[in-house]
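Here's the structure we're looking at; comments come further down.
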Amino acid sequence: MEIPKDLKYAKTHEWVRVEGDVAYIGISDYAQEELGDIVYVEMPAAGDSYQKNEEAATVESVKAASAIYTPVAGTIKEINPELENAPESINQKPYQAFIFAIQFSDASGLDELLDAESYQKHVEQEKAGH
Amino acid sequence: MIAYLPHTEEDIKTMLVAAGINDIEQLFADIPRELVLSKPLEIPEGLSEFEVYRRMQALAAGNRVEPVSFLGCGSYQHIIPSAVAHVLSRSEFSTSYTPYQAEMSQGILQGIFEFQTMICELTGMEVANASLYDGHTAASEAAVLALNSVRHSDTILYSSTLHPFTRQVLKTHFSNLPVHLEEVPADNGTTDLEQLVERLRPGVAGVVLQSPNNLGYIEDLSGLADRVHENGSLLIVSANPLSLGLLKSPGEWGADIAVGDTQPLGLPSYFGGPSVGYITATEKLLRKMPGRIAGQSLDREGTRAFLLTLQAREQHIKRERATSNICSNQALAALATTVYLASLGRRGIREVAEQNLHKAHYLHGRLLKETPVLALHNRQFFNEFPVVLPKKVAEVLSGMEESGFFAGVELHCLDPLMPEEALLIAVTERRTREEMDRYVEAMKEALS
């Protein structure tokens, strides 16, 4: 299970890469593996505004459909167009396949994210709980 | 009569020992004593097969089936080709429940696929599901779909000309949810579109209209889709599918979702059901459709095969976030519609629709000219129309029945706002000219 050190993570298994005032959001290697073959990603529209921790996308696999939450409030700057025709990219390269990028006005949500080490612990706890 | 317990005394003892108790009664220890039944149910002794047959015959003889029916308002007496009953009675279809190992049941999946395809063609829409319970629940599922598709929406506008049952189902469905239902009034029998457009505002997820509407009138939806879409809302049109053989389809009106009931296509009225709800939408809404969608593909040998391709909103996919509880469909009843449509074909449907239109207009013309009945409004209609009698409908119906007619539906008993003199008369292709002529004479007599 890969957990890159340079990213932040949410307890709900999103990864977050911050570039200036834009946060790129995807799902972790652990999340894609748990979901199985991803067949569809329902994405937000560029320009839509979201509250912190609001559901902004849905990732649907052959097993389940999971909500993707935005850790920060803001406006959708772009979505990953590749996922429309190739949702399996999330399985193949979870940390390159961002789902959406959100331009935030308030960075407060970022403080609540986990670093790679804490996320690793969180995943192990969750696994033990299964 | 024997009790239907499949276990022997020995089985029961073994299970009691394994459960660590002495008596079956102990299993029910949690049930308060006063709620436990302490004596046998008071039901009559069993009857022999012949006795049951004789009793059922006597009960059936009490049904009044002879009168010629002019009943409608959502459920109609149409001609049903015998091919429909023939296919439906095949045990492969009539005994099977919803296909759990879906792809094992190629025949059922093909039936569903054909149903979806023909419903799409009829409505002019892009995607249809395998069916829903009936037209009224289909309308409320369409409202759910709209609420789930339009961000930050919490309001559904619906026309007061929807069938009263549709309005009731909408109210029930959303009664404990944070959703506003707003009724748009009618103007002379059809939806007041000016009022409707005025009420469009942020937060409105969808607008639900019915055409032909509850009075049988055809709604003119020209330009409405654009106004609704400008507001970011969805247009939901409910339509009697038979009328679409002739009238402009929801797709042509620019609807985002079309719903309705396929009872007019191959299903008798029975005692009010079962019927079939259909829901169709634009491809954009595919992933938000309730229920299931069958698809066509190729198997590993390259032969055409069918599969259950999408159940995006169902509980085993969406889990606790499922947005619909509709997990089944009306497979057998939907198959009746499929066989009906396949038997008639494109031209046949058009011809049936034309006959409905012409016959209804023939009776309408004669009644207005030769009897004291008046038109309720001056509007275009398809195969049913409301008239106002010079006295209460309730006083006329039994006389008409004595003359051999179910004269129509008393609108007041479905909608208390309708006058007690309003009668809705439906005329299908099944009615002959001779029956209609006798109806006119009977009405003259009933009103004299």
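Scheme for the structure tokens: letters A, B, ... for chains in order shown; per-chain residue numbers from 1; ligand numbers from 1 in order shown.
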Write out as a short mmCIF file (atom, residue, chain, number, x, y, z; two decimals) with N, CA and C atoms, in the first residue's frame every residue belonging to chain A that has an atom at most 7 Å from any atom of chain B, counting only C-alpha atoms.
```cif
data_model
loop_
_atom_site.label_atom_id
_atom_site.label_comp_id
_atom_site.auth_asym_id
_atom_site.auth_seq_id
_atom_site.Cartn_x
_atom_site.Cartn_y
_atom_site.Cartn_z
N LYS A 63 -18.67 -2.83 -6.68
CA LYS A 63 -19.18 -3.22 -5.37
C LYS A 63 -20.02 -2.16 -4.69
N ALA A 64 -19.64 -0.89 -4.84
CA ALA A 64 -20.30 0.15 -4.05
C ALA A 64 -20.09 1.52 -4.67
N ALA A 65 -20.88 2.46 -4.23
CA ALA A 65 -20.71 3.85 -4.64
C ALA A 65 -20.31 4.64 -3.39
#
```
Just the strand (DSSP E or B) stuff from stretch 250-352 of chain B, please, per backbone DSSP, written as a PyMOL selection string.
chain B and resi 257-261+270+273+277-281+293-298+304-310
May I have the selected residues written with C-alpha atoms, as a compact mmCIF listing (two decimals), in the first residue's frame?
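Output file out00.txt is given in full below:
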```
# COMPACT_ATOMS: atom_id res chain seq x y z
CA ILE B 257 -37.95 12.98 -17.48
CA ALA B 258 -41.11 11.30 -18.76
CA VAL B 259 -43.28 9.02 -16.66
CA GLY B 260 -46.63 7.34 -16.84
CA ASP B 261 -48.57 4.13 -16.49
CA TYR B 270 -58.22 -5.90 -13.01
CA GLY B 273 -53.89 -3.12 -10.54
CA GLY B 277 -45.02 2.58 -14.17
CA TYR B 278 -42.52 3.72 -16.75
CA ILE B 279 -39.75 6.27 -16.26
CA THR B 280 -37.55 7.59 -19.03
CA ALA B 281 -35.01 10.38 -19.06
CA ILE B 293 -31.60 -1.10 -16.53
CA ALA B 294 -31.01 -4.10 -18.78
CA GLY B 295 -28.45 -3.77 -21.55
CA GLN B 296 -27.43 -5.59 -24.69
CA SER B 297 -23.93 -6.93 -25.24
CA LEU B 298 -22.04 -9.86 -26.73
CA ARG B 304 -25.99 -11.22 -28.71
CA ALA B 305 -26.61 -11.43 -24.96
CA PHE B 306 -28.42 -9.35 -22.36
CA LEU B 307 -27.23 -8.23 -18.96
CA LEU B 308 -28.37 -6.25 -15.96
CA THR B 309 -26.18 -3.29 -16.65
CA LEU B 310 -27.07 -0.57 -14.17
```
Tell me which protein, DNA and RNA residues are within 8 Å of B:Leu389, counting only C-alpha atoms, leaving out same-chain ones fewer than 4 positions away, and put them as a PyMOL selection string.
chain B and resi 372-374+393+421-423
With N, CA and C atoms kept, could you save the residues just selected as a PDB file, in the first residue's frame?
```
ATOM      1  N   PRO B 372     -78.871  17.230 -22.685  1.00  0.00           N
ATOM      2  CA  PRO B 372     -78.630  18.495 -21.955  1.00  0.00           C
ATOM      3  C   PRO B 372     -77.246  18.594 -21.303  1.00  0.00           C
ATOM      4  N   VAL B 373     -76.306  17.677 -21.593  1.00  0.00           N
ATOM      5  CA  VAL B 373     -74.989  17.794 -20.943  1.00  0.00           C
ATOM      6  C   VAL B 373     -74.188  18.917 -21.594  1.00  0.00           C
ATOM      7  N   LEU B 374     -73.303  19.509 -20.805  1.00  0.00           N
ATOM      8  CA  LEU B 374     -72.449  20.595 -21.282  1.00  0.00           C
ATOM      9  C   LEU B 374     -70.986  20.194 -21.129  1.00  0.00           C
ATOM     10  N   VAL B 393     -74.045  13.555 -10.591  1.00  0.00           N
ATOM     11  CA  VAL B 393     -73.621  12.325 -11.258  1.00  0.00           C
ATOM     12  C   VAL B 393     -74.135  11.104 -10.509  1.00  0.00           C
ATOM     13  N   GLU B 421     -71.647  17.447 -10.374  1.00  0.00           N
ATOM     14  CA  GLU B 421     -72.302  17.163 -11.651  1.00  0.00           C
ATOM     15  C   GLU B 421     -71.308  16.761 -12.734  1.00  0.00           C
ATOM     16  N   ALA B 422     -69.997  16.732 -12.395  1.00  0.00           N
ATOM     17  CA  ALA B 422     -68.978  16.479 -13.426  1.00  0.00           C
ATOM     18  C   ALA B 422     -68.729  14.990 -13.616  1.00  0.00           C
ATOM     19  N   LEU B 423     -68.841  14.563 -14.868  1.00  0.00           N
ATOM     20  CA  LEU B 423     -68.654  13.150 -15.221  1.00  0.00           C
ATOM     21  C   LEU B 423     -67.540  13.055 -16.263  1.00  0.00           C
TER      22      LEU B 423
END
```
Selection near A:Glu14, 7 Å with only C-alpha atoms, sequence-local residues under 4 positions removed, as a PyMOL selection string
chain A and resi 9-10+25-28
Now that the selection is made, can you save its residues with C-alpha atoms as a PDB file, in the first residue's frame?
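Result saved to result.pdb:
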```pdb
ATOM      1  CA  TYR A   9      -5.074  12.671   3.812  1.00  0.00           C
ATOM      2  CA  ALA A  10      -8.630  12.756   5.090  1.00  0.00           C
ATOM      3  CA  ILE A  25      -8.446  15.790  -4.427  1.00  0.00           C
ATOM      4  CA  GLY A  26      -8.263  12.089  -5.239  1.00  0.00           C
ATOM      5  CA  ILE A  27      -8.643   8.830  -3.355  1.00  0.00           C
ATOM      6  CA  SER A  28      -5.880   6.838  -1.676  1.00  0.00           C
TER       7      SER A  28
END
```
Stretch 105-119 of chain A surroundings by only C-alpha atoms, 6 Å radius, close-in-sequence under 4 positions cut, as a ChimeraX atom specification
/A:5,8-10,71-72,74
Write out the residues from the selection above, keeping N, CA and C atoms, as a PDB file, in the first residue's frame.
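Writing done, so here's out_3.pdb:
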```pdb
ATOM      1  N   LYS A   5       4.522  10.633   0.964  1.00  0.00           N
ATOM      2  CA  LYS A   5       4.777  11.520   2.109  1.00  0.00           C
ATOM      3  C   LYS A   5       4.359  12.962   1.842  1.00  0.00           C
ATOM      4  N   LYS A   8      -1.488  15.155   1.857  1.00  0.00           N
ATOM      5  CA  LYS A   8      -2.283  15.119   3.088  1.00  0.00           C
ATOM      6  C   LYS A   8      -3.451  14.176   2.853  1.00  0.00           C
ATOM      7  N   TYR A   9      -4.007  13.670   3.948  1.00  0.00           N
ATOM      8  CA  TYR A   9      -5.074  12.671   3.812  1.00  0.00           C
ATOM      9  C   TYR A   9      -6.249  12.978   4.734  1.00  0.00           C
ATOM     10  N   ALA A  10      -7.438  12.624   4.245  1.00  0.00           N
ATOM     11  CA  ALA A  10      -8.630  12.756   5.090  1.00  0.00           C
ATOM     12  C   ALA A  10      -8.958  11.383   5.675  1.00  0.00           C
ATOM     13  N   PRO A  71     -12.381  18.660   1.589  1.00  0.00           N
ATOM     14  CA  PRO A  71     -11.935  19.043   2.933  1.00  0.00           C
ATOM     15  C   PRO A  71     -11.964  20.550   3.152  1.00  0.00           C
ATOM     16  N   VAL A  72     -12.055  21.315   2.062  1.00  0.00           N
ATOM     17  CA  VAL A  72     -12.088  22.780   2.189  1.00  0.00           C
ATOM     18  C   VAL A  72     -13.279  23.346   1.434  1.00  0.00           C
ATOM     19  N   GLY A  74     -14.938  26.031  -1.097  1.00  0.00           N
ATOM     20  CA  GLY A  74     -14.425  26.784  -2.225  1.00  0.00           C
ATOM     21  C   GLY A  74     -15.202  26.535  -3.488  1.00  0.00           C
TER      22      GLY A  74
END
```
Near-stretch 78-94 of chain A list (9 Å; only C-alpha atoms; drop same-chain fewer than 5 positions) as a VMD selection string:
chain A and resid 26 to 29 31 to 33 36 to 47 59 99 to 102
Contacts of B:Gly223 at 12 Å or less, counting only C-alpha atoms, minus same-chain residues fewer than 5 places along, as number ranges by chain?
B: 193-194, 197, 228-230, 235, 252-255
In stretch 84-195 of chain B, DSSP helix (DSSP H, G or I) residues written as a ChimeraX atom specification
/B:84-88,91-94,102-104,106-123,135-149,164-174,193-195
Nearest to A:Tyr69 among A:Asp21, A:Asp6, A:Glu54, A:Glu124, with distances taken over only C-alpha atoms: which residue is it?
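When distances to A:Tyr69 are compared using only C-alpha atoms, the smallest one comes from A:Glu54.
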Nearest to B:Asn63, chosen from B:Arg227, B:Met104, B:Tyr4, B:Phe271, with only C-alpha atoms counted in the distances:
B:Phe271
For B:Glu384, which residue out of B:Leu265, B:Ile24, B:Leu424, B:Leu35 is the nearest one, using only C-alpha atoms?
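Ranked by minimum distance to B:Glu384, first place goes to B:Leu424.
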A:Tyr95, A:Lys77, A:Val123, A:Ala128: which is nearest A:Arg17, counting only C-alpha atoms?
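Counting only C-alpha atoms, the residue closest to A:Arg17 is A:Tyr95.
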